[in-house]
file target05.cif (mmCIF, C-alpha atoms)
data_entry
#
loop_
_atom_site.label_atom_id
_atom_site.label_comp_id
_atom_site.auth_asym_id
_atom_site.auth_seq_id
_atom_site.Cartn_x
_atom_site.Cartn_y
_atom_site.Cartn_z
CA MET A 1 49.85 12.11 69.47
CA LEU A 2 49.03 15.54 68.08
CA SER A 3 45.48 15.76 69.31
CA TRP A 4 43.46 14.27 72.11
CA VAL A 5 39.69 14.59 72.44
CA HIS A 6 37.41 13.15 75.04
CA VAL A 7 33.74 13.21 76.10
CA THR A 8 33.52 12.23 79.74
CA LEU A 9 31.03 11.79 82.56
CA GLU A 10 33.71 12.57 85.13
CA ALA A 11 35.17 15.84 86.40
CA ILE A 12 37.74 17.23 83.97
CA ASP A 13 41.27 16.68 85.24
CA PRO A 14 43.49 19.69 84.43
CA THR A 15 46.67 17.64 84.82
CA ALA A 16 45.48 15.27 82.06
CA ILE A 17 45.04 18.28 79.77
CA ASP A 18 48.51 19.58 80.66
CA ARG A 19 50.01 16.18 79.99
CA HIS A 20 48.51 16.09 76.51
CA LEU A 21 49.71 19.61 75.71
CA GLU A 22 53.23 18.93 76.95
CA ASP A 23 55.81 19.50 74.23
CA PRO A 24 59.35 20.82 74.67
CA ALA A 25 59.22 22.63 71.31
CA SER A 26 56.09 24.64 72.16
CA GLY A 27 56.65 27.99 73.80
CA GLY A 28 53.03 28.82 74.47
CA ARG A 29 49.70 27.30 75.38
CA VAL A 30 46.27 28.86 75.15
CA LEU A 31 43.38 27.31 77.04
CA PHE A 32 39.70 28.07 77.02
CA GLU A 33 37.76 26.75 80.00
CA GLY A 34 33.97 26.88 80.00
CA VAL A 35 32.50 26.94 83.48
CA VAL A 36 28.90 26.58 84.70
CA ARG A 37 27.57 30.06 85.47
CA ASP A 38 25.31 30.90 88.41
CA ARG A 39 22.71 32.64 86.30
CA HIS A 40 21.10 32.69 82.90
CA HIS A 41 19.79 36.20 82.27
CA ASP A 42 17.94 36.92 85.53
CA ARG A 43 17.35 33.32 86.62
CA GLN A 44 19.51 31.63 89.23
CA VAL A 45 21.02 28.39 87.96
CA LEU A 46 21.35 25.57 90.50
CA ALA A 47 22.79 22.88 88.26
CA LEU A 48 22.61 21.61 84.73
CA GLU A 49 22.74 18.45 82.79
CA TYR A 50 24.54 17.93 79.52
CA GLU A 51 23.10 15.31 77.19
CA ALA A 52 25.21 14.11 74.27
CA TYR A 53 24.92 12.11 71.11
CA ALA A 54 28.16 10.67 72.36
CA GLU A 55 29.35 8.78 69.27
CA MET A 56 28.82 11.76 66.97
CA ALA A 57 30.16 14.21 69.57
CA GLY A 58 33.42 12.26 69.63
CA GLU A 59 33.62 12.28 65.83
CA GLN A 60 32.90 16.01 65.67
CA LEU A 61 35.56 16.76 68.29
CA ARG A 62 38.09 14.72 66.32
CA ALA A 63 37.14 16.59 63.14
CA ILE A 64 37.49 19.97 64.89
CA ALA A 65 40.92 19.01 66.27
CA ALA A 66 41.97 17.82 62.81
CA THR A 67 40.89 21.12 61.25
CA MET A 68 42.82 23.04 63.90
CA THR A 69 46.06 21.15 63.28
CA ALA A 70 45.59 21.40 59.50
CA ARG A 71 44.81 25.10 59.42
CA TRP A 72 47.34 26.42 61.95
CA PRO A 73 50.96 25.41 62.59
CA ILE A 74 50.20 24.21 66.09
CA ARG A 75 51.76 21.23 67.84
CA ARG A 76 49.19 19.89 70.30
CA VAL A 77 45.42 20.05 70.73
CA ALA A 78 43.33 18.78 73.65
CA ILE A 79 39.54 19.07 73.78
CA VAL A 80 37.51 17.62 76.62
CA HIS A 81 33.78 18.02 77.16
CA ARG A 82 32.09 16.82 80.30
CA ILE A 83 28.47 15.57 80.20
CA GLY A 84 25.98 14.55 82.87
CA ARG A 85 25.09 16.67 85.88
CA LEU A 86 27.31 19.67 86.73
CA LEU A 87 27.16 22.25 89.50
CA VAL A 88 27.82 25.99 89.31
CA GLY A 89 31.57 26.62 89.02
CA GLU A 90 32.39 23.22 87.56
CA THR A 91 34.27 23.00 84.26
CA ALA A 92 32.18 21.81 81.32
CA VAL A 93 34.70 22.09 78.51
CA VAL A 94 38.40 22.73 77.93
CA VAL A 95 40.03 23.52 74.59
CA GLY A 96 43.82 23.63 74.83
CA VAL A 97 46.44 24.38 72.17
CA ALA A 98 50.24 24.28 72.33
CA SER A 99 52.36 25.90 69.64
CA LEU A 100 55.64 27.65 68.95
CA HIS A 101 54.06 31.06 68.55
CA ARG A 102 51.14 32.51 70.43
CA ALA A 103 49.22 34.12 67.56
CA GLU A 104 48.23 30.78 66.07
CA ALA A 105 47.52 29.27 69.49
CA PHE A 106 44.99 32.03 70.20
CA GLU A 107 43.39 31.74 66.76
CA ALA A 108 43.18 27.95 66.79
CA CYS A 109 41.79 27.88 70.34
CA ARG A 110 39.15 30.46 69.47
CA TYR A 111 38.20 28.49 66.37
CA GLY A 112 38.04 25.31 68.44
CA ILE A 113 35.64 26.56 71.10
CA ASP A 114 33.47 28.30 68.49
CA ALA A 115 33.24 25.04 66.53
CA VAL A 116 32.46 23.04 69.68
CA LYS A 117 29.60 25.40 70.51
CA ARG A 118 28.25 25.28 66.96
CA ASP A 119 28.75 21.70 65.76
CA VAL A 120 29.08 19.22 68.59
CA PRO A 121 25.82 17.43 69.46
CA ILE A 122 25.73 18.22 73.17
CA TRP A 123 22.73 19.87 74.85
CA LYS A 124 22.49 21.76 78.12
CA HIS A 125 19.42 21.46 80.31
CA GLU A 126 19.45 24.13 83.01
CA HIS A 127 17.71 23.79 86.36
CA TYR A 128 16.72 27.06 88.06
CA ALA A 129 16.17 28.02 91.68
CA ASP A 130 12.46 28.69 90.92
CA GLY A 131 11.96 24.98 90.12
CA THR A 132 11.76 25.41 86.36
CA SER A 133 14.21 24.06 83.82
CA ARG A 134 15.00 24.74 80.19
CA TRP A 135 16.96 23.39 77.21
CA GLN A 136 19.44 26.03 76.08
CA GLU A 137 20.62 26.96 72.61
CA ASN A 138 24.00 28.52 71.87
CA ASP A 139 23.98 31.87 70.12
CA CYS A 140 27.45 31.21 68.67
CA MET B 1 39.62 41.65 93.95
CA LEU B 2 39.31 42.05 90.20
CA SER B 3 42.93 41.56 89.32
CA TRP B 4 45.89 39.82 90.84
CA VAL B 5 49.47 40.19 89.59
CA HIS B 6 52.60 38.65 90.93
CA VAL B 7 56.33 38.38 90.14
CA THR B 8 57.71 35.31 91.86
CA LEU B 9 60.91 33.29 92.26
CA GLU B 10 58.91 30.14 92.86
CA ALA B 11 57.21 27.69 90.51
CA ILE B 12 53.85 29.03 89.34
CA ASP B 13 50.98 27.29 91.10
CA PRO B 14 48.04 26.71 88.69
CA THR B 15 45.58 26.29 91.57
CA ALA B 16 46.46 29.80 92.80
CA ILE B 17 45.64 31.15 89.33
CA ASP B 18 42.35 29.23 89.27
CA ARG B 19 41.46 30.57 92.70
CA HIS B 20 41.95 34.13 91.54
CA LEU B 21 39.88 33.60 88.40
CA GLU B 22 37.03 31.92 90.28
CA ASP B 23 33.76 33.77 89.79
CA PRO B 24 30.28 32.24 89.61
CA ALA B 25 29.13 34.86 87.09
CA SER B 26 31.90 34.11 84.58
CA GLY B 27 31.13 31.46 82.00
CA GLY B 28 34.54 31.35 80.41
CA ARG B 29 38.22 31.62 81.15
CA VAL B 30 41.08 32.09 78.72
CA LEU B 31 44.62 31.37 79.83
CA PHE B 32 47.93 31.91 78.12
CA GLU B 33 50.83 29.91 79.54
CA GLY B 34 54.37 30.66 78.39
CA VAL B 35 56.68 27.68 78.75
CA VAL B 36 60.48 27.37 78.39
CA ARG B 37 61.23 25.89 74.96
CA ASP B 38 63.98 23.36 74.27
CA ARG B 39 65.51 25.33 71.43
CA HIS B 40 66.10 28.82 70.14
CA HIS B 41 66.43 28.64 66.36
CA ASP B 42 68.91 25.78 65.95
CA ARG B 43 70.48 25.93 69.42
CA GLN B 44 69.50 23.55 72.20
CA VAL B 45 68.40 25.38 75.33
CA LEU B 46 69.34 23.76 78.66
CA ALA B 47 67.95 26.37 81.03
CA LEU B 48 67.42 30.07 81.33
CA GLU B 49 67.42 32.80 83.86
CA TYR B 50 64.94 35.63 84.05
CA GLU B 51 66.22 38.87 85.56
CA ALA B 52 63.69 41.53 86.54
CA TYR B 53 63.54 45.14 87.57
CA ALA B 54 61.11 43.73 90.09
CA GLU B 55 59.56 46.94 91.45
CA MET B 56 58.83 48.31 87.99
CA ALA B 57 57.75 44.90 86.66
CA GLY B 58 55.11 44.75 89.40
CA GLU B 59 53.87 48.25 88.53
CA GLN B 60 53.75 47.43 84.82
CA LEU B 61 51.80 44.24 85.46
CA ARG B 62 49.30 46.17 87.58
CA ALA B 63 48.97 48.77 84.82
CA ILE B 64 48.40 46.06 82.19
CA ALA B 65 45.74 44.36 84.33
CA ALA B 66 44.06 47.74 84.91
CA THR B 67 44.00 48.44 81.17
CA MET B 68 42.49 45.02 80.53
CA THR B 69 39.65 45.48 83.03
CA ALA B 70 39.03 49.03 81.77
CA ARG B 71 38.99 48.16 78.07
CA TRP B 72 37.02 44.90 78.13
CA PRO B 73 33.99 43.87 80.20
CA ILE B 74 35.89 41.10 81.96
CA ARG B 75 35.49 40.04 85.57
CA ARG B 76 38.86 38.67 86.71
CA VAL B 77 42.50 38.98 85.65
CA ALA B 78 45.51 37.07 86.95
CA ILE B 79 49.05 37.63 85.69
CA VAL B 80 52.02 35.82 87.18
CA HIS B 81 55.60 35.95 85.91
CA ARG B 82 58.28 33.72 87.33
CA ILE B 83 61.91 34.91 87.48
CA GLY B 84 65.19 33.22 88.39
CA ARG B 85 66.41 29.95 86.89
CA LEU B 86 63.92 27.84 84.89
CA LEU B 87 64.29 24.51 83.11
CA VAL B 88 62.85 23.44 79.75
CA GLY B 89 59.11 22.78 80.11
CA GLU B 90 58.64 24.98 83.17
CA THR B 91 56.03 27.74 83.08
CA ALA B 92 57.44 31.27 82.93
CA VAL B 93 54.25 33.30 82.69
CA VAL B 94 50.49 32.91 82.96
CA VAL B 95 47.90 35.46 81.88
CA GLY B 96 44.36 34.44 82.85
CA VAL B 97 41.04 36.16 82.22
CA ALA B 98 37.52 35.26 83.38
CA SER B 99 34.48 36.86 81.80
CA LEU B 100 30.85 36.32 80.89
CA HIS B 101 31.54 36.00 77.17
CA ARG B 102 34.48 34.41 75.49
CA ALA B 103 35.18 37.00 72.78
CA GLU B 104 36.40 39.58 75.28
CA ALA B 105 38.29 36.99 77.32
CA PHE B 106 40.31 36.02 74.22
CA GLU B 107 40.94 39.64 73.25
CA ALA B 108 41.92 40.77 76.73
CA CYS B 109 44.20 37.77 77.27
CA ARG B 110 45.93 38.35 73.95
CA TYR B 111 46.39 42.03 74.79
CA GLY B 112 47.76 41.06 78.21
CA ILE B 113 50.46 38.70 77.02
CA ASP B 114 51.45 41.06 74.19
CA ALA B 115 51.81 43.90 76.70
CA VAL B 116 53.79 41.70 79.10
CA LYS B 117 56.23 40.82 76.33
CA ARG B 118 56.55 44.44 75.22
CA ASP B 119 56.51 46.53 78.39
CA VAL B 120 57.45 44.54 81.49
CA PRO B 121 61.14 44.92 82.48
CA ILE B 122 62.07 41.24 82.60
CA TRP B 123 64.99 39.78 80.66
CA LYS B 124 65.72 36.22 79.59
CA HIS B 125 69.28 34.87 79.57
CA GLU B 126 69.40 31.57 77.70
CA HIS B 127 72.02 28.88 78.35
CA TYR B 128 72.73 26.54 75.44
CA ALA B 129 74.05 22.99 75.24
CA ASP B 130 77.17 24.25 73.44
CA GLY B 131 78.22 26.18 76.56
CA THR B 132 77.30 29.62 75.23
CA SER B 133 74.58 31.89 76.55
CA ARG B 134 72.72 34.93 75.28
CA TRP B 135 70.34 37.69 76.35
CA GLN B 136 67.17 37.46 74.29
CA GLU B 137 64.95 40.20 72.91
CA ASN B 138 61.24 39.74 72.20
CA ASP B 139 60.11 40.40 68.65
CA CYS B 140 56.60 41.29 69.87
CA MET C 1 13.78 1.07 57.20
CA VAL C 2 16.05 3.27 59.29
CA VAL C 3 16.36 4.01 62.99
CA VAL C 4 16.28 7.70 63.83
CA ARG C 5 17.72 8.86 67.14
CA LEU C 6 16.19 11.85 68.92
CA PHE C 7 17.89 14.10 71.45
CA ALA C 8 17.23 16.80 74.03
CA GLN C 9 14.01 18.76 73.55
CA VAL C 10 13.03 16.75 70.47
CA ARG C 11 13.45 13.55 72.46
CA GLU C 12 11.35 14.95 75.32
CA LEU C 13 8.52 16.18 73.12
CA ALA C 14 8.49 12.98 71.09
CA GLY C 15 8.57 10.93 74.28
CA THR C 16 11.16 8.55 72.87
CA SER C 17 14.87 8.52 72.09
CA ALA C 18 14.64 6.47 68.90
CA ILE C 19 12.02 5.59 66.31
CA GLN C 20 11.90 3.37 63.27
CA LEU C 21 10.87 4.97 59.98
CA GLU C 22 9.78 3.34 56.75
CA LEU C 23 11.28 5.46 54.00
CA PRO C 24 11.15 5.07 50.21
CA ASP C 25 14.32 3.82 48.51
CA ASP C 26 15.18 7.28 47.19
CA ALA C 27 14.65 9.01 50.57
CA ARG C 28 16.75 12.02 51.47
CA ALA C 29 17.53 13.78 54.75
CA ALA C 30 14.63 16.23 54.30
CA ASP C 31 12.21 13.30 54.20
CA VAL C 32 13.27 12.30 57.69
CA ALA C 33 12.37 15.75 58.98
CA SER C 34 8.93 15.56 57.35
CA ALA C 35 8.30 12.06 58.69
CA ILE C 36 9.20 13.17 62.22
CA VAL C 37 6.80 16.12 62.05
CA GLU C 38 4.02 13.87 60.77
CA ARG C 39 4.56 11.35 63.55
CA PHE C 40 5.12 13.92 66.34
CA PRO C 41 3.21 17.15 65.63
CA LEU C 42 4.47 18.62 68.94
CA VAL C 43 7.99 18.55 67.54
CA ALA C 44 7.06 20.60 64.46
CA PRO C 45 8.12 24.00 65.87
CA LEU C 46 11.62 22.65 66.58
CA MET C 47 12.30 21.10 63.20
CA PRO C 48 13.11 24.24 61.18
CA SER C 49 16.15 24.85 63.42
CA ALA C 50 17.15 21.17 63.70
CA ARG C 51 19.80 19.51 61.54
CA ILE C 52 19.78 15.92 60.32
CA ALA C 53 22.89 13.80 60.86
CA ILE C 54 23.62 10.70 58.81
CA ASN C 55 26.31 8.35 60.05
CA ARG C 56 27.44 10.92 62.64
CA ALA C 57 27.97 13.76 60.17
CA PHE C 58 25.65 16.67 59.39
CA ALA C 59 23.69 16.05 56.20
CA ASP C 60 22.26 18.43 53.62
CA ALA C 61 18.53 18.33 52.86
CA ASP C 62 19.17 16.28 49.72
CA THR C 63 21.70 13.81 51.14
CA PRO C 64 20.39 10.31 50.28
CA ILE C 65 19.59 7.88 53.08
CA ARG C 66 20.45 4.20 52.71
CA VAL C 67 19.31 1.16 54.64
CA GLY C 68 21.44 0.73 57.72
CA ASP C 69 22.42 4.39 58.00
CA GLU C 70 22.62 5.88 61.49
CA VAL C 71 20.22 8.84 61.34
CA ALA C 72 19.69 11.46 64.03
CA VAL C 73 17.75 14.67 64.58
CA ILE C 74 20.05 17.34 66.03
CA PRO C 75 18.20 20.29 67.57
CA PRO C 76 20.26 23.46 68.16
CA VAL C 77 23.21 22.43 70.31
CA SER C 78 24.25 24.08 73.57
CA GLY C 79 27.54 22.49 74.54
CA GLY C 80 30.60 24.42 75.65
CA MET D 1 72.60 63.63 91.52
CA VAL D 2 70.55 60.57 90.60
CA VAL D 3 71.10 56.85 90.89
CA VAL D 4 70.64 54.97 87.61
CA ARG D 5 69.92 51.25 87.70
CA LEU D 6 71.23 49.01 84.93
CA PHE D 7 69.85 45.62 83.89
CA ALA D 8 70.59 42.55 81.79
CA GLN D 9 73.10 43.06 79.00
CA VAL D 10 73.61 46.74 79.87
CA ARG D 11 74.42 45.75 83.45
CA GLU D 12 76.86 43.08 82.26
CA LEU D 13 78.69 45.34 79.81
CA ALA D 14 78.84 48.19 82.31
CA GLY D 15 80.03 45.79 85.00
CA THR D 16 77.70 47.31 87.59
CA SER D 17 74.00 47.28 88.43
CA ALA D 18 73.81 50.93 89.52
CA ILE D 19 75.76 54.15 89.02
CA GLN D 20 75.51 57.66 90.33
CA LEU D 21 75.28 60.45 87.78
CA GLU D 22 75.78 64.19 88.23
CA LEU D 23 73.20 65.83 86.01
CA PRO D 24 72.38 69.50 85.45
CA ASP D 25 69.19 70.83 87.08
CA ASP D 26 67.31 70.85 83.77
CA ALA D 27 68.37 67.31 82.81
CA ARG D 28 66.00 65.14 80.79
CA ALA D 29 65.79 61.41 80.13
CA ALA D 30 67.89 61.69 76.95
CA ASP D 31 70.74 63.13 79.02
CA VAL D 32 70.88 59.95 81.07
CA ALA D 33 71.36 57.90 77.92
CA SER D 34 74.21 60.17 76.77
CA ALA D 35 75.88 60.09 80.17
CA ILE D 36 75.76 56.28 80.23
CA VAL D 37 77.36 56.05 76.79
CA GLU D 38 80.09 58.48 77.84
CA ARG D 39 80.87 56.52 80.97
CA PHE D 40 80.57 53.03 79.39
CA PRO D 41 81.50 53.11 75.69
CA LEU D 42 80.90 49.34 75.46
CA VAL D 43 77.22 49.96 76.14
CA ALA D 44 76.84 52.42 73.24
CA PRO D 45 75.52 49.87 70.69
CA LEU D 46 72.70 48.92 73.07
CA MET D 47 71.46 52.39 73.89
CA PRO D 48 69.50 53.16 70.70
CA SER D 49 67.13 50.30 71.50
CA ALA D 50 67.02 50.93 75.26
CA ARG D 51 64.28 52.89 77.01
CA ILE D 52 64.72 55.11 80.07
CA ALA D 53 62.36 54.62 83.01
CA ILE D 54 61.76 57.30 85.62
CA ASN D 55 60.04 56.28 88.84
CA ARG D 56 59.14 52.89 87.36
CA ALA D 57 57.40 54.25 84.26
CA PHE D 58 58.78 54.57 80.73
CA ALA D 59 59.91 58.15 80.02
CA ASP D 60 60.07 60.15 76.82
CA ALA D 61 63.40 61.61 75.72
CA ASP D 62 62.40 65.04 77.05
CA THR D 63 60.89 63.93 80.39
CA PRO D 64 62.61 66.03 83.08
CA ILE D 65 64.61 64.30 85.80
CA ARG D 66 64.44 65.56 89.37
CA VAL D 67 66.67 64.88 92.36
CA GLY D 68 65.57 61.69 94.09
CA ASP D 69 63.96 60.16 90.99
CA GLU D 70 64.42 56.42 90.48
CA VAL D 71 66.03 56.18 87.04
CA ALA D 72 66.72 52.99 85.08
CA VAL D 73 68.03 51.93 81.69
CA ILE D 74 65.69 49.31 80.17
CA PRO D 75 67.25 47.35 77.29
CA PRO D 76 64.80 45.45 75.04
CA VAL D 77 62.81 43.17 77.30
CA SER D 78 62.36 39.44 76.83
CA GLY D 79 59.86 38.35 79.44
CA GLY D 80 56.91 36.11 78.74
#

call {"tool": "encode", "arguments": {"input": "target05.cif", "output": "structure tokens"}}
result
Amino acid sequence: MLSWVHVTLEAIDPTAIDRHLEDPASGGRVLFEGVVRDRHHDRQVLALEYEAYAEMAGEQLRAIAATMTARWPIRRVAIVHRIGRLLVGETAVVVGVASLHRAEAFEACRYGIDAVKRDVPIWKHEHYADGTSRWQENDC
Amino acid sequence: MLSWVHVTLEAIDPTAIDRHLEDPASGGRVLFEGVVRDRHHDRQVLALEYEAYAEMAGEQLRAIAATMTARWPIRRVAIVHRIGRLLVGETAVVVGVASLHRAEAFEACRYGIDAVKRDVPIWKHEHYADGTSRWQENDC
Amino acid sequence: MVVVRLFAQVRELAGTSAIQLELPDDARAADVASAIVERFPLVAPLMPSARIAINRAFADADTPIRVGDEVAVIPPVSGG
Amino acid sequence: MVVVRLFAQVRELAGTSAIQLELPDDARAADVASAIVERFPLVAPLMPSARIAINRAFADADTPIRVGDEVAVIPPVSGG
């Protein structure tokens, strides 16, 4: 299986990602990991919730992975996005690429996370220490 | 500690890398993992040995990490290179970067692995299934 | 008649996660946006930056909508 | 007199991982390369692509060498 994408309510398991990127012909892997930050501008973030249009999010992730494998000579793609409630420091998203050469792994991974942030229907609702909360928008 | 570099004879521990990249202010991490491939051109690789000029390799890795943190606004760097005998599929090198924004994490990580492959005195001796062996050179 | 799903801030301001819309036979994606604004004036400021999805793919303003299509309003996303 | 460390294919062809070289007082990095070739003709084909390191940093051809320096011949690397 060339690509593996997943929207999950559970903590992202790095060994599952590694397993899907495993390939004896690939010399390099590039991974992007998005982690919940402790602040947004000057406000302290306590936690956040990701809401998803899950069916479309899955389709969009599959389309992004398909574009990556079509556009670059890469051998494996794994994209996982967690939804639900996350705490500071927890991993929200991983985009992983395995390929023979590193140039295309970097380019494809960068494309992948940019596309996830632009085109996957997932929304982040941040809860701040001052009791307020806010729906975010990606700048991309 | 902003950066952590290490040349080791033991298997690379991903949780040690994660621990050194941990930072509540960083929203993204980019990792490059170099893995032993099963073939070099048309020859089947069974295993390989990395030899190092260990003292200088350590200094070069520190210099590369220092250049990365000076040139990009990143918050954490971890570079680990394994030496000794490795089997196909084992991880030889990891370059990890944590930062607020992903653009600089990708750029710094790419710079880091390129510099490792160009300037760190470590040499790969490949053993093939046909009984021959060969010292490799990076193309960079 | 189509069901339109609402998400995130649009869902909150509309107070519902799905509504049913009566649309003319020749309706297009842009008509969904107008119908939502008419029904939920509070949502109006969000609609210029929202996209319409039809059957789980982003639609253009003039993409036709057919009975049974899965329609959704997608405000600016913030995944990743 | 300086000790020169040899690695990888250079080490194998020279048959040793370190040699002692007598160098003139005004010796520079390029003189190390010449002295190695003189002592180990088998290594000659590798030297044009090798770099000289002095005290664990890459040296230019005209970097001076002083007594007690840590000198090394660095054939093309293949880490990563």

call {"tool": "calpha_fit_and_write", "arguments": {"input": "target05.cif", "fixed": "chain D", "moving": "chain C", "output": "short mmCIF file (atom, residue, chain, number, x, y, z; two decimals) with C-alpha atoms, in the coordinates of the input"}}
result
data_model
loop_
_atom_site.label_atom_id
_atom_site.label_comp_id
_atom_site.auth_asym_id
_atom_site.auth_seq_id
_atom_site.Cartn_x
_atom_site.Cartn_y
_atom_site.Cartn_z
CA MET C 1 72.58 63.63 91.55
CA VAL C 2 70.55 60.57 90.61
CA VAL C 3 71.10 56.83 90.89
CA VAL C 4 70.64 54.97 87.62
CA ARG C 5 69.93 51.25 87.72
CA LEU C 6 71.23 49.01 84.94
CA PHE C 7 69.85 45.64 83.90
CA ALA C 8 70.60 42.56 81.81
CA GLN C 9 73.10 43.08 79.00
CA VAL C 10 73.62 46.74 79.88
CA ARG C 11 74.41 45.75 83.45
CA GLU C 12 76.86 43.09 82.25
CA LEU C 13 78.69 45.34 79.82
CA ALA C 14 78.83 48.19 82.31
CA GLY C 15 80.03 45.80 85.00
CA THR C 16 77.70 47.31 87.59
CA SER C 17 74.01 47.30 88.44
CA ALA C 18 73.79 50.93 89.53
CA ILE C 19 75.75 54.14 89.02
CA GLN C 20 75.50 57.66 90.34
CA LEU C 21 75.27 60.46 87.79
CA GLU C 22 75.76 64.18 88.24
CA LEU C 23 73.18 65.82 86.02
CA PRO C 24 72.37 69.50 85.45
CA ASP C 25 69.19 70.82 87.07
CA ASP C 26 67.31 70.86 83.76
CA ALA C 27 68.36 67.29 82.81
CA ARG C 28 66.01 65.14 80.78
CA ALA C 29 65.79 61.40 80.13
CA ALA C 30 67.89 61.68 76.95
CA ASP C 31 70.75 63.12 79.01
CA VAL C 32 70.89 59.95 81.06
CA ALA C 33 71.37 57.90 77.90
CA SER C 34 74.21 60.17 76.76
CA ALA C 35 75.88 60.08 80.17
CA ILE C 36 75.75 56.28 80.22
CA VAL C 37 77.36 56.04 76.78
CA GLU C 38 80.10 58.46 77.82
CA ARG C 39 80.85 56.50 80.97
CA PHE C 40 80.54 53.03 79.39
CA PRO C 41 81.48 53.12 75.69
CA LEU C 42 80.88 49.34 75.45
CA VAL C 43 77.21 49.96 76.14
CA ALA C 44 76.84 52.41 73.24
CA PRO C 45 75.52 49.88 70.69
CA LEU C 46 72.69 48.91 73.07
CA MET C 47 71.47 52.39 73.89
CA PRO C 48 69.52 53.19 70.71
CA SER C 49 67.13 50.30 71.49
CA ALA C 50 67.02 50.93 75.26
CA ARG C 51 64.29 52.91 77.02
CA ILE C 52 64.72 55.11 80.07
CA ALA C 53 62.37 54.61 83.02
CA ILE C 54 61.77 57.30 85.62
CA ASN C 55 60.05 56.30 88.84
CA ARG C 56 59.15 52.89 87.36
CA ALA C 57 57.41 54.25 84.27
CA PHE C 58 58.79 54.58 80.74
CA ALA C 59 59.91 58.14 80.03
CA ASP C 60 60.08 60.13 76.81
CA ALA C 61 63.40 61.62 75.71
CA ASP C 62 62.38 65.03 77.05
CA THR C 63 60.89 63.93 80.38
CA PRO C 64 62.61 66.03 83.08
CA ILE C 65 64.61 64.29 85.80
CA ARG C 66 64.46 65.56 89.38
CA VAL C 67 66.68 64.88 92.36
CA GLY C 68 65.58 61.71 94.07
CA ASP C 69 63.98 60.17 90.99
CA GLU C 70 64.42 56.43 90.48
CA VAL C 71 66.03 56.17 87.04
CA ALA C 72 66.71 52.99 85.09
CA VAL C 73 68.03 51.91 81.70
CA ILE C 74 65.70 49.31 80.18
CA PRO C 75 67.25 47.37 77.29
CA PRO C 76 64.81 45.46 75.03
CA VAL C 77 62.82 43.17 77.30
CA SER C 78 62.38 39.43 76.82
CA GLY C 79 59.86 38.33 79.42
CA GLY C 80 56.88 36.11 78.72
#

call {"tool": "residues_near_point", "arguments": {"input": "target05.cif", "point": "(68.6, 58.4, 82.0)", "cutoff": "8 Å", "atoms": "only C-alpha atoms", "output": "PDB file with C-alpha atoms, in the coordinates of the input"}}
result
ATOM      1  CA  VAL D   4      70.640  54.970  87.610  1.00  0.00           C
ATOM      2  CA  ARG D  28      66.000  65.140  80.790  1.00  0.00           C
ATOM      3  CA  ALA D  29      65.790  61.410  80.130  1.00  0.00           C
ATOM      4  CA  ALA D  30      67.890  61.690  76.950  1.00  0.00           C
ATOM      5  CA  ASP D  31      70.740  63.130  79.020  1.00  0.00           C
ATOM      6  CA  VAL D  32      70.880  59.950  81.070  1.00  0.00           C
ATOM      7  CA  ALA D  33      71.360  57.900  77.920  1.00  0.00           C
ATOM      8  CA  SER D  34      74.210  60.170  76.770  1.00  0.00           C
ATOM      9  CA  ALA D  35      75.880  60.090  80.170  1.00  0.00           C
ATOM     10  CA  ILE D  36      75.760  56.280  80.230  1.00  0.00           C
ATOM     11  CA  ILE D  52      64.720  55.110  80.070  1.00  0.00           C
ATOM     12  CA  ALA D  53      62.360  54.620  83.010  1.00  0.00           C
ATOM     13  CA  ILE D  54      61.760  57.300  85.620  1.00  0.00           C
ATOM     14  CA  VAL D  71      66.030  56.180  87.040  1.00  0.00           C
ATOM     15  CA  ALA D  72      66.720  52.990  85.080  1.00  0.00           C
ATOM     16  CA  VAL D  73      68.030  51.930  81.690  1.00  0.00           C
TER      17      VAL D  73
END

call {"tool": "resolve_selection", "arguments": {"input": "target05.cif", "expression": "the PyMOL selection byres ((chain C and resi 65) around 6)", "output": "list in words"}}
result
Ala27, Arg28, Pro64 and Arg66 of chain C

call {"tool": "atom_distance", "arguments": {"input": "target05.cif", "atom1": "CA of Met47 in chain C", "atom2": "CA of Pro75 in chain C"}}
result
7.4 Å

call {"tool": "closest_residue", "arguments": {"input": "target05.cif", "among": "A:Ala57, A:Ala65, A:Ala16, A:Leu46", "to": "Ser3 in chain A", "atoms": "only C-alpha atoms"}}
result
A:Ala65

call {"tool": "residues_around", "arguments": {"input": "target05.cif", "residues": "Gly27 in chain A", "least_positions_apart": "2", "cutoff": "9 Å", "atoms": "all atoms listed in the file", "output": "ChimeraX atom specification"}}
result
/A:23-25,29,98-102 /B:33-38,89

call {"tool": "write_last_selection", "arguments": {"input": "target05.cif", "atoms": "C-alpha atoms", "output": "short mmCIF file (atom, residue, chain, number, x, y, z; two decimals), in the frame of the given file"}}
result
data_model
loop_
_atom_site.label_atom_id
_atom_site.label_comp_id
_atom_site.auth_asym_id
_atom_site.auth_seq_id
_atom_site.Cartn_x
_atom_site.Cartn_y
_atom_site.Cartn_z
CA ASP A 23 55.81 19.50 74.23
CA PRO A 24 59.35 20.82 74.67
CA ALA A 25 59.22 22.63 71.31
CA ARG A 29 49.70 27.30 75.38
CA ALA A 98 50.24 24.28 72.33
CA SER A 99 52.36 25.90 69.64
CA LEU A 100 55.64 27.65 68.95
CA HIS A 101 54.06 31.06 68.55
CA ARG A 102 51.14 32.51 70.43
CA GLU B 33 50.83 29.91 79.54
CA GLY B 34 54.37 30.66 78.39
CA VAL B 35 56.68 27.68 78.75
CA VAL B 36 60.48 27.37 78.39
CA ARG B 37 61.23 25.89 74.96
CA ASP B 38 63.98 23.36 74.27
CA GLY B 89 59.11 22.78 80.11
#
